[in-house]
Every structure is written in structure tokens, then in C-alpha cells.
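Trainee: First, the structure itself, so that you have it in front of you.
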Amino acid sequence: VTDVDAAVERLLQGNRRALGRILTQIENDTPSGRRALSQLYPRSGNAHTIGLTGSAGSGKSTLTGALAREFRRRGKTLGIVAIDPTSPFSQGALLGDRIRMHDLTSDQHVFLRSMATRGNLGGLAPSTAGVVTALDAFGKDVVLVETVGAGQDEVEVAAMADTTVVVLTPGAGDDVQAMKAGIMEIADVLVVNKCDLPNADLFARQLAAIIDAAPGERKTPIIRTASALNEGIGELCAALDEHRAYIEQSGVRESHRREQARHQVLALARQRLIDRLVVTHGKDGRIDELVERVASRALDPHSAADELISE
Ligand SMILES: Nc1nc2c(ncn2[C@@H]2O[C@H](COP(=O)(O)OP(=O)(O)OP(=O)(O)O)[C@@H](O)[C@H]2O)c(=O)[nH]1
Ligand SMILES: [Mg+2]
């Protein structure tokens, strides 16, 4: 039995330090991390994973904290993953300092992890799915993932969570009309946060009109909250529970998980292939050579990519 296997064993027995160590391995995508994941993956799939996304400053962190407290009141154990676009904060520092979540960080039934995206375009750290898997296998009832709202990441969140919450605020450049397409499609629950601000009612009504006009059997619920004032959090919790029940009963969860699996496998395979190309043809100068020819218009980018792959 290797050290990793022993750590996985301790994790499964509820050891938080083992969990913390394994999360670090997973985040750094080490061989140990991958070995741990292969053992944890079959033990996961029981948690309700909830992704929160929305534009910067919409109140995602405040909302995550308020939601976490509400779930705790309801007796649920929690994993919280906070993804910060740039800073490699150590565990808990991001939420702990900024949002004063000390009551949560000191709670044995809450495990908080902050991660950096490390420049990943998706707005999610590349290892987020693995971190969620570990928290899930650890036995957390609910795993909340707060991401940065950078456009593309919404899709990534939806590809990972059972329930995707899109957080909007009145009068913060969240133009109702402009948002229709992408965000509406992935939102399982819409939150209008900062409802203590003016125009919140108008904003929520405009949103409702769009939802009502949209096709589909399930109308996306719109929950009004003021996370800083702890208003509407019970309603949000109820909407999340309701969504979970809906996906379980309707079979949506199964099909969603199949899509998620496909997305993950293909994303990882793509990354591996690219890595392999870069390792072999980065060293032998083949990439530089092709790039040079493309830059000087001797070769077009499509043909260059074809050449690179065919080798
Ligand atoms: N008026 C009002 N302000 C709020 C509310 N919720 C959060 N805020 C404020 O909005 C600001 C941003 O809150 P955060 O929770 O950090 O928002 P965020 O979406 O996590 O921000 P980033 O992670 O930086 O994108 C803070 O100053 C909060 O105090 C609310 O319900 N009403
Ligand atoms: Mg935040």
C-alpha cells in the first residue's frame, strides 16, 4: 500500500487533513493526485453539487456564505470551493478574510477550499472537477462551487454541477436583454441578488417575462435575495432542493451526468494530446518551424495544424 492509498483510506474515514493533502495533489495534477482520484471517483456521485456563477461583484461569495449557513441549519454537511481568477490563496484565506466566514471555517462539517484558475480560460481551475469529486467522496452532502463570471466559464460550471445558479444584480450592467442566450440556457435557478437596491423589482419582472416566453417544460425559478442582509436565502435553499428532486425524478440527472462525463473525458483527452504535441514537437523545433512559416504567410494555419497532427 502506497502513501496515497493510505491517505485515501483516511480521507474515506473522514480525516480532514488527509482530504486537504489529497486536494493539494489533485490541484497540482500529480501522479499521486491522479491515483487518489481513480480511487475516489467510484465513491463519489452522492453529493448535490451546486455551481454559482455570475458577474464580478454580484455577491456570489456573500451568497455562498449565506447559503452554507442555511444548509448547516438544515443539518447538511458542506464542501465549498471558491475559485479566484488570479490569486493562489491558501486554503480558506480568500473567503475567510474577505467575507469573514470564520464561523464556517471553524465548523467541522464545512470544508472550504480556495483555488486559483491559473489562467485557465474557462474561469474554472483545471482541477476543479477533481476537487469536487474528492469532497463528494469525503461524504459532503452539498458541494458549493463559486466561480468567476467570465463568459465562457458558465458553460464549464454547468458541465460540472447538478444545479447551476446564475447570480444577477439590478443595474450592474447585467442587461436583461443581452443575457438571454447563454446564461439563461445554463441557469437552473436564477438569483436576483442585492434586492435591497433600487430597480430590483423591475429587473426581476423583466427577467420573469423572458423566462415565461422561453420554451421548455420547466420554468427556471427566479429567486430574489439580498445576501448581505440574509434575505431570501431560505427560498433559494428550497429552490435548490426542488431542482435536485426534479432532476432525480425526471431522469434529467442521468442524462446530465452522461453529458458531463463526455465533456470531461474529451476535455482531458484534448489536453493530453496537446501536451504530447508540445512536448515532442516543441523540443524538436517542429512547432517553431511551422509557426515561422505561418507568420511569413508561406503556410496557412489550417495546413500547419494538419501537418503537426499528422506527424
Ligand atoms: N446592497 C447589497 N450589497 C451586497 C449584497 N450582497 C453582497 N453585496 C456587496 O457586494 C460586494 C461584492 O460581494 P461579493 O460577495 O464579494 O461578490 P462576488 O460576486 O463574490 O465578487 P467577486 O468574487 O469578486 O466576483 C460586497 O461589497 C458585498 O458587501 C446585497 O444583498 N445587497
Ligand atoms: Mg467572490
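Labeling convention for the C-alpha cells: chains A, B, ... as they appear, residues from 1 per chain, ligands from 1 in order of appearance.
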Throw together the list of residues within 10 Å of ligand 1, counting only C-alpha atoms and all ligand atoms, and drop it here as a PDB file with N, CA and C atoms, in the first residue's frame.

Mentor:
ATOM      1  N   LEU A  52     -22.252  28.244  -8.513  1.00  0.00           N
ATOM      2  CA  LEU A  52     -22.751  29.620  -8.517  1.00  0.00           C
ATOM      3  C   LEU A  52     -21.891  30.443  -9.447  1.00  0.00           C
ATOM      4  N   THR A  53     -22.524  31.054 -10.414  1.00  0.00           N
ATOM      5  CA  THR A  53     -21.761  31.896 -11.318  1.00  0.00           C
ATOM      6  C   THR A  53     -22.487  33.224 -11.486  1.00  0.00           C
ATOM      7  N   GLY A  54     -21.823  34.176 -12.096  1.00  0.00           N
ATOM      8  CA  GLY A  54     -22.406  35.500 -12.249  1.00  0.00           C
ATOM      9  C   GLY A  54     -21.297  36.510 -12.348  1.00  0.00           C
ATOM     10  N   SER A  55     -21.645  37.717 -12.730  1.00  0.00           N
ATOM     11  CA  SER A  55     -20.594  38.689 -12.991  1.00  0.00           C
ATOM     12  C   SER A  55     -19.874  39.097 -11.703  1.00  0.00           C
ATOM     13  N   ALA A  56     -18.704  39.686 -11.879  1.00  0.00           N
ATOM     14  CA  ALA A  56     -17.876  40.082 -10.744  1.00  0.00           C
ATOM     15  C   ALA A  56     -18.647  41.036  -9.831  1.00  0.00           C
ATOM     16  N   GLY A  57     -18.588  40.762  -8.550  1.00  0.00           N
ATOM     17  CA  GLY A  57     -19.206  41.648  -7.580  1.00  0.00           C
ATOM     18  C   GLY A  57     -20.706  41.484  -7.430  1.00  0.00           C
ATOM     19  N   SER A  58     -21.272  40.459  -8.062  1.00  0.00           N
ATOM     20  CA  SER A  58     -22.723  40.274  -7.968  1.00  0.00           C
ATOM     21  C   SER A  58     -23.149  39.725  -6.611  1.00  0.00           C
ATOM     22  N   GLY A  59     -22.172  39.329  -5.820  1.00  0.00           N
ATOM     23  CA  GLY A  59     -22.483  38.856  -4.475  1.00  0.00           C
ATOM     24  C   GLY A  59     -22.394  37.348  -4.321  1.00  0.00           C
ATOM     25  N   LYS A  60     -21.654  36.702  -5.208  1.00  0.00           N
ATOM     26  CA  LYS A  60     -21.554  35.241  -5.171  1.00  0.00           C
ATOM     27  C   LYS A  60     -20.967  34.729  -3.855  1.00  0.00           C
ATOM     28  N   SER A  61     -19.912  35.389  -3.392  1.00  0.00           N
ATOM     29  CA  SER A  61     -19.278  34.921  -2.154  1.00  0.00           C
ATOM     30  C   SER A  61     -20.192  35.118  -0.954  1.00  0.00           C
ATOM     31  N   THR A  62     -20.803  36.296  -0.880  1.00  0.00           N
ATOM     32  CA  THR A  62     -21.727  36.577   0.210  1.00  0.00           C
ATOM     33  C   THR A  62     -22.870  35.570   0.191  1.00  0.00           C
ATOM     34  N   LEU A  63     -23.341  35.294  -1.011  1.00  0.00           N
ATOM     35  CA  LEU A  63     -24.444  34.353  -1.178  1.00  0.00           C
ATOM     36  C   LEU A  63     -24.011  32.935  -0.800  1.00  0.00           C
ATOM     37  N   THR A  64     -22.805  32.569  -1.206  1.00  0.00           N
ATOM     38  CA  THR A  64     -22.283  31.241  -0.876  1.00  0.00           C
ATOM     39  C   THR A  64     -22.220  31.065   0.639  1.00  0.00           C
ATOM     40  N   GLY A  65     -21.747  32.093   1.318  1.00  0.00           N
ATOM     41  CA  GLY A  65     -21.675  32.047   2.774  1.00  0.00           C
ATOM     42  C   GLY A  65     -23.049  31.918   3.406  1.00  0.00           C
ATOM     43  N   ALA A  66     -23.974  32.737   2.924  1.00  0.00           N
ATOM     44  CA  ALA A  66     -25.330  32.717   3.484  1.00  0.00           C
ATOM     45  C   ALA A  66     -25.997  31.362   3.222  1.00  0.00           C
ATOM     46  N   ALA A  82     -14.069  27.808  -3.679  1.00  0.00           N
ATOM     47  CA  ALA A  82     -14.105  29.182  -4.166  1.00  0.00           C
ATOM     48  C   ALA A  82     -12.984  29.365  -5.170  1.00  0.00           C
ATOM     49  N   ILE A  83     -13.350  29.778  -6.346  1.00  0.00           N
ATOM     50  CA  ILE A  83     -12.333  29.913  -7.386  1.00  0.00           C
ATOM     51  C   ILE A  83     -12.043  31.373  -7.649  1.00  0.00           C
ATOM     52  N   ASP A  84     -10.799  31.716  -7.428  1.00  0.00           N
ATOM     53  CA  ASP A  84     -10.358  33.087  -7.604  1.00  0.00           C
ATOM     54  C   ASP A  84      -9.573  33.167  -8.901  1.00  0.00           C
ATOM     55  N   PRO A  85      -9.847  34.169  -9.731  1.00  0.00           N
ATOM     56  CA  PRO A  85      -9.250  34.195 -11.058  1.00  0.00           C
ATOM     57  C   PRO A  85      -7.729  34.247 -11.058  1.00  0.00           C
ATOM     58  N   LEU A  94      -9.132  33.136   1.068  1.00  0.00           N
ATOM     59  CA  LEU A  94      -9.905  34.033   0.228  1.00  0.00           C
ATOM     60  C   LEU A  94     -11.253  34.365   0.850  1.00  0.00           C
ATOM     61  N   LEU A  95     -12.053  33.339   1.047  1.00  0.00           N
ATOM     62  CA  LEU A  95     -13.363  33.593   1.630  1.00  0.00           C
ATOM     63  C   LEU A  95     -13.225  34.014   3.081  1.00  0.00           C
ATOM     64  N   ARG A  98     -11.983  37.784   3.243  1.00  0.00           N
ATOM     65  CA  ARG A  98     -12.776  38.809   2.593  1.00  0.00           C
ATOM     66  C   ARG A  98     -14.205  38.840   3.083  1.00  0.00           C
ATOM     67  N   ILE A  99     -14.741  37.707   3.298  1.00  0.00           N
ATOM     68  CA  ILE A  99     -16.156  37.676   3.593  1.00  0.00           C
ATOM     69  C   ILE A  99     -16.419  37.310   5.061  1.00  0.00           C
ATOM     70  N   GLU A 146     -18.130  28.300  -6.138  1.00  0.00           N
ATOM     71  CA  GLU A 146     -18.264  29.680  -6.589  1.00  0.00           C
ATOM     72  C   GLU A 146     -17.215  29.969  -7.654  1.00  0.00           C
ATOM     73  N   THR A 147     -17.660  30.425  -8.814  1.00  0.00           N
ATOM     74  CA  THR A 147     -16.705  30.699  -9.887  1.00  0.00           C
ATOM     75  C   THR A 147     -16.739  32.171 -10.261  1.00  0.00           C
ATOM     76  N   VAL A 148     -15.750  32.572 -11.022  1.00  0.00           N
ATOM     77  CA  VAL A 148     -15.755  33.922 -11.561  1.00  0.00           C
ATOM     78  C   VAL A 148     -16.607  33.953 -12.817  1.00  0.00           C
ATOM     79  N   GLY A 149     -17.269  35.044 -13.030  1.00  0.00           N
ATOM     80  CA  GLY A 149     -18.088  35.156 -14.224  1.00  0.00           C
ATOM     81  C   GLY A 149     -17.300  35.785 -15.351  1.00  0.00           C
ATOM     82  N   ALA A 150     -16.847  34.961 -16.269  1.00  0.00           N
ATOM     83  CA  ALA A 150     -16.001  35.500 -17.335  1.00  0.00           C
ATOM     84  C   ALA A 150     -16.531  35.120 -18.706  1.00  0.00           C
ATOM     85  N   VAL A 167     -26.195  34.223 -10.723  1.00  0.00           N
ATOM     86  CA  VAL A 167     -26.475  35.351  -9.830  1.00  0.00           C
ATOM     87  C   VAL A 167     -26.427  36.649 -10.634  1.00  0.00           C
ATOM     88  N   LEU A 168     -27.518  37.372 -10.611  1.00  0.00           N
ATOM     89  CA  LEU A 168     -27.607  38.647 -11.327  1.00  0.00           C
ATOM     90  C   LEU A 168     -27.919  39.743 -10.314  1.00  0.00           C
ATOM     91  N   THR A 169     -27.600  40.979 -10.697  1.00  0.00           N
ATOM     92  CA  THR A 169     -27.956  42.102  -9.823  1.00  0.00           C
ATOM     93  C   THR A 169     -28.596  43.196 -10.658  1.00  0.00           C
ATOM     94  N   VAL A 192     -31.798  36.950  -8.359  1.00  0.00           N
ATOM     95  CA  VAL A 192     -31.619  38.397  -8.441  1.00  0.00           C
ATOM     96  C   VAL A 192     -31.159  38.823  -7.053  1.00  0.00           C
ATOM     97  N   ASN A 193     -29.868  39.086  -6.947  1.00  0.00           N
ATOM     98  CA  ASN A 193     -29.298  39.444  -5.648  1.00  0.00           C
ATOM     99  C   ASN A 193     -29.274  40.971  -5.492  1.00  0.00           C
ATOM    100  N   LYS A 194     -29.003  41.416  -4.298  1.00  0.00           N
ATOM    101  CA  LYS A 194     -28.994  42.842  -3.953  1.00  0.00           C
ATOM    102  C   LYS A 194     -30.372  43.458  -4.171  1.00  0.00           C
ATOM    103  N   CYS A 195     -31.383  42.722  -3.748  1.00  0.00           N
ATOM    104  CA  CYS A 195     -32.751  43.199  -3.922  1.00  0.00           C
ATOM    105  C   CYS A 195     -33.085  44.378  -3.030  1.00  0.00           C
ATOM    106  N   ASP A 196     -32.148  44.752  -2.177  1.00  0.00           N
ATOM    107  CA  ASP A 196     -32.333  45.962  -1.382  1.00  0.00           C
ATOM    108  C   ASP A 196     -32.034  47.202  -2.227  1.00  0.00           C
ATOM    109  N   LEU A 197     -31.431  47.008  -3.394  1.00  0.00           N
ATOM    110  CA  LEU A 197     -31.104  48.141  -4.261  1.00  0.00           C
ATOM    111  C   LEU A 197     -32.320  48.548  -5.095  1.00  0.00           C
ATOM    112  N   PRO A 198     -32.314  49.813  -5.553  1.00  0.00           N
ATOM    113  CA  PRO A 198     -33.434  50.261  -6.390  1.00  0.00           C
ATOM    114  C   PRO A 198     -33.490  49.449  -7.690  1.00  0.00           C
ATOM    115  N   ARG A 224     -35.412  36.048  -5.441  1.00  0.00           N
ATOM    116  CA  ARG A 224     -34.892  37.366  -5.070  1.00  0.00           C
ATOM    117  C   ARG A 224     -34.208  37.277  -3.714  1.00  0.00           C
ATOM    118  N   THR A 225     -32.973  37.729  -3.687  1.00  0.00           N
ATOM    119  CA  THR A 225     -32.223  37.674  -2.437  1.00  0.00           C
ATOM    120  C   THR A 225     -31.529  39.009  -2.161  1.00  0.00           C
ATOM    121  N   ALA A 226     -31.170  39.179  -0.906  1.00  0.00           N
ATOM    122  CA  ALA A 226     -30.208  40.218  -0.521  1.00  0.00           C
ATOM    123  C   ALA A 226     -29.232  39.486   0.384  1.00  0.00           C
ATOM    124  N   SER A 227     -28.203  38.931  -0.238  1.00  0.00           N
ATOM    125  CA  SER A 227     -27.346  38.000   0.511  1.00  0.00           C
ATOM    126  C   SER A 227     -26.669  38.685   1.693  1.00  0.00           C
ATOM    127  N   ALA A 228     -26.341  39.964   1.534  1.00  0.00           N
ATOM    128  CA  ALA A 228     -25.681  40.676   2.622  1.00  0.00           C
ATOM    129  C   ALA A 228     -26.622  40.873   3.819  1.00  0.00           C
ATOM    130  N   LEU A 229     -27.922  40.841   3.548  1.00  0.00           N
ATOM    131  CA  LEU A 229     -28.908  41.023   4.612  1.00  0.00           C
ATOM    132  C   LEU A 229     -29.558  39.701   4.994  1.00  0.00           C
ATOM    133  N   ASN A 230     -29.067  38.618   4.376  1.00  0.00           N
ATOM    134  CA  ASN A 230     -29.587  37.278   4.639  1.00  0.00           C
ATOM    135  C   ASN A 230     -31.065  37.146   4.285  1.00  0.00           C
ATOM    136  N   GLU A 231     -31.474  37.840   3.246  1.00  0.00           N
ATOM    137  CA  GLU A 231     -32.878  37.770   2.826  1.00  0.00           C
ATOM    138  C   GLU A 231     -33.039  36.870   1.606  1.00  0.00           C
ATOM    139  N   GLY A 232     -34.060  36.044   1.646  1.00  0.00           N
ATOM    140  CA  GLY A 232     -34.371  35.183   0.507  1.00  0.00           C
ATOM    141  C   GLY A 232     -33.544  33.909   0.458  1.00  0.00           C
TER     142      GLY A 232
END

Trainee: Report, in Å to a single decimal, how far apart CA of Ala161 in chain A and CA of Thr30 in chain A are.

Mentor: 23.9 Å

Trainee: Can you pull out the residues contacting Asn199 in chain A? Cut-off 8 Å, using only C-alpha atoms, and skip same-chain residues under 2 positions away; I want them as an MDAnalysis selection string.

Mentor: chainID A and resid 170:171 197 201:203

Trainee: For a quick check of understanding, using only C-alpha atoms and all ligand atoms, which of A:Ile233, A:Val81, A:Asp162, A:Gln13 has the smallest distance to ligand 2?

Mentor: A:Val81

Trainee: If you run DSSP on the backbone here, which positions in range 107-279 of chain A get strand (DSSP E)? Please write them as a VMD selection string.

Mentor: chain A and resid 110 to 116 142 to 146 163 to 168 189 to 192 222 to 224

Trainee: Dump C-alpha atoms for the selected residues as a PDB file, in the first residue's frame?

Mentor:
ATOM      1  CA  VAL A 110     -17.731  22.509   6.458  1.00  0.00           C
ATOM      2  CA  PHE A 111     -14.643  22.107   4.291  1.00  0.00           C
ATOM      3  CA  LEU A 112     -13.582  25.208   2.446  1.00  0.00           C
ATOM      4  CA  ARG A 113     -11.099  25.287  -0.388  1.00  0.00           C
ATOM      5  CA  SER A 114      -9.931  28.273  -2.398  1.00  0.00           C
ATOM      6  CA  MET A 115      -8.292  27.732  -5.748  1.00  0.00           C
ATOM      7  CA  ALA A 116      -6.748  29.854  -8.449  1.00  0.00           C
ATOM      8  CA  VAL A 142     -23.654  19.525  -0.642  1.00  0.00           C
ATOM      9  CA  VAL A 143     -20.692  20.938  -2.572  1.00  0.00           C
ATOM     10  CA  LEU A 144     -20.936  24.636  -3.467  1.00  0.00           C
ATOM     11  CA  VAL A 145     -18.636  25.933  -6.194  1.00  0.00           C
ATOM     12  CA  GLU A 146     -18.264  29.680  -6.589  1.00  0.00           C
ATOM     13  CA  THR A 163     -27.542  22.595 -10.278  1.00  0.00           C
ATOM     14  CA  THR A 164     -26.272  25.834 -11.781  1.00  0.00           C
ATOM     15  CA  VAL A 165     -27.207  29.097 -10.114  1.00  0.00           C
ATOM     16  CA  VAL A 166     -26.725  32.294 -12.060  1.00  0.00           C
ATOM     17  CA  VAL A 167     -26.475  35.351  -9.830  1.00  0.00           C
ATOM     18  CA  LEU A 168     -27.607  38.647 -11.327  1.00  0.00           C
ATOM     19  CA  VAL A 189     -32.058  28.679 -10.773  1.00  0.00           C
ATOM     20  CA  LEU A 190     -31.787  32.412 -11.356  1.00  0.00           C
ATOM     21  CA  VAL A 191     -30.997  34.681  -8.436  1.00  0.00           C
ATOM     22  CA  VAL A 192     -31.619  38.397  -8.441  1.00  0.00           C
ATOM     23  CA  ILE A 222     -36.251  33.393 -10.136  1.00  0.00           C
ATOM     24  CA  ILE A 223     -35.309  33.897  -6.501  1.00  0.00           C
ATOM     25  CA  ARG A 224     -34.892  37.366  -5.070  1.00  0.00           C
TER      26      ARG A 224
END

Trainee: With DSSP run on the backbone, what are the alpha helix (DSSP H) residues within range 163-288 of chain A? I'd like them as number ranges by chain.

Mentor: A: 176-186, 200-213, 233-250, 252-283, 286-288

Trainee: Might you pull out every residue within 9 Å of range 261-270 of chain A, with only C-alpha atoms counted and same-chain residues fewer than 5 positions away left off, and present them as a VMD selection string?

Mentor: chain A and resid 129 159 to 160 256 275

Trainee: Could those selected residues go to a file with C-alpha atoms, as a PDB file, in the first residue's frame?

Mentor:
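Contents of part.pdb, freshly written:
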ATOM      1  CA  ALA A 129     -13.873  18.695 -11.111  1.00  0.00           C
ATOM      2  CA  ALA A 159     -20.724  20.846 -17.202  1.00  0.00           C
ATOM      3  CA  MET A 160     -19.774  20.054 -13.630  1.00  0.00           C
ATOM      4  CA  HIS A 256     -26.837  15.390 -17.449  1.00  0.00           C
ATOM      5  CA  ASP A 275       0.589  18.321 -24.129  1.00  0.00           C
TER       6      ASP A 275
END

Trainee: May I have the residues within 12 Å of Thr77 in chain A as number ranges by chain, using only C-alpha atoms and disregarding those fewer than 3 positions away in the same chain?

Mentor: A: 47-48, 67-74, 80, 104, 107-112, 135-136, 138-144

Trainee: Near Leu40 in chain A, counting only C-alpha atoms, which residues have an atom at most 10 Å away, once you skip same-chain residues fewer than 6 positions from it, shown as a PDB file with C-alpha atoms, in the first residue's frame?

Mentor:
ATOM      1  CA  VAL A   8      -7.292   7.873   0.544  1.00  0.00           C
ATOM      2  CA  GLU A   9      -8.265   5.387   3.223  1.00  0.00           C
ATOM      3  CA  LEU A  11      -9.962  10.503   3.733  1.00  0.00           C
ATOM      4  CA  LEU A  12     -12.765   7.980   3.373  1.00  0.00           C
ATOM      5  CA  ARG A  34      -4.459  11.076 -10.225  1.00  0.00           C
ATOM      6  CA  GLY A 130     -11.346  16.546  -9.252  1.00  0.00           C
ATOM      7  CA  THR A 133     -15.054  14.607  -6.641  1.00  0.00           C
ATOM      8  CA  ALA A 134     -12.860  14.368  -3.538  1.00  0.00           C
ATOM      9  CA  LEU A 135     -15.246  16.460  -1.408  1.00  0.00           C
ATOM     10  CA  ASP A 136     -18.116  14.355  -2.682  1.00  0.00           C
ATOM     11  CA  ALA A 137     -16.319  11.079  -1.878  1.00  0.00           C
ATOM     12  CA  PHE A 138     -15.406  12.518   1.536  1.00  0.00           C
TER      13      PHE A 138
END
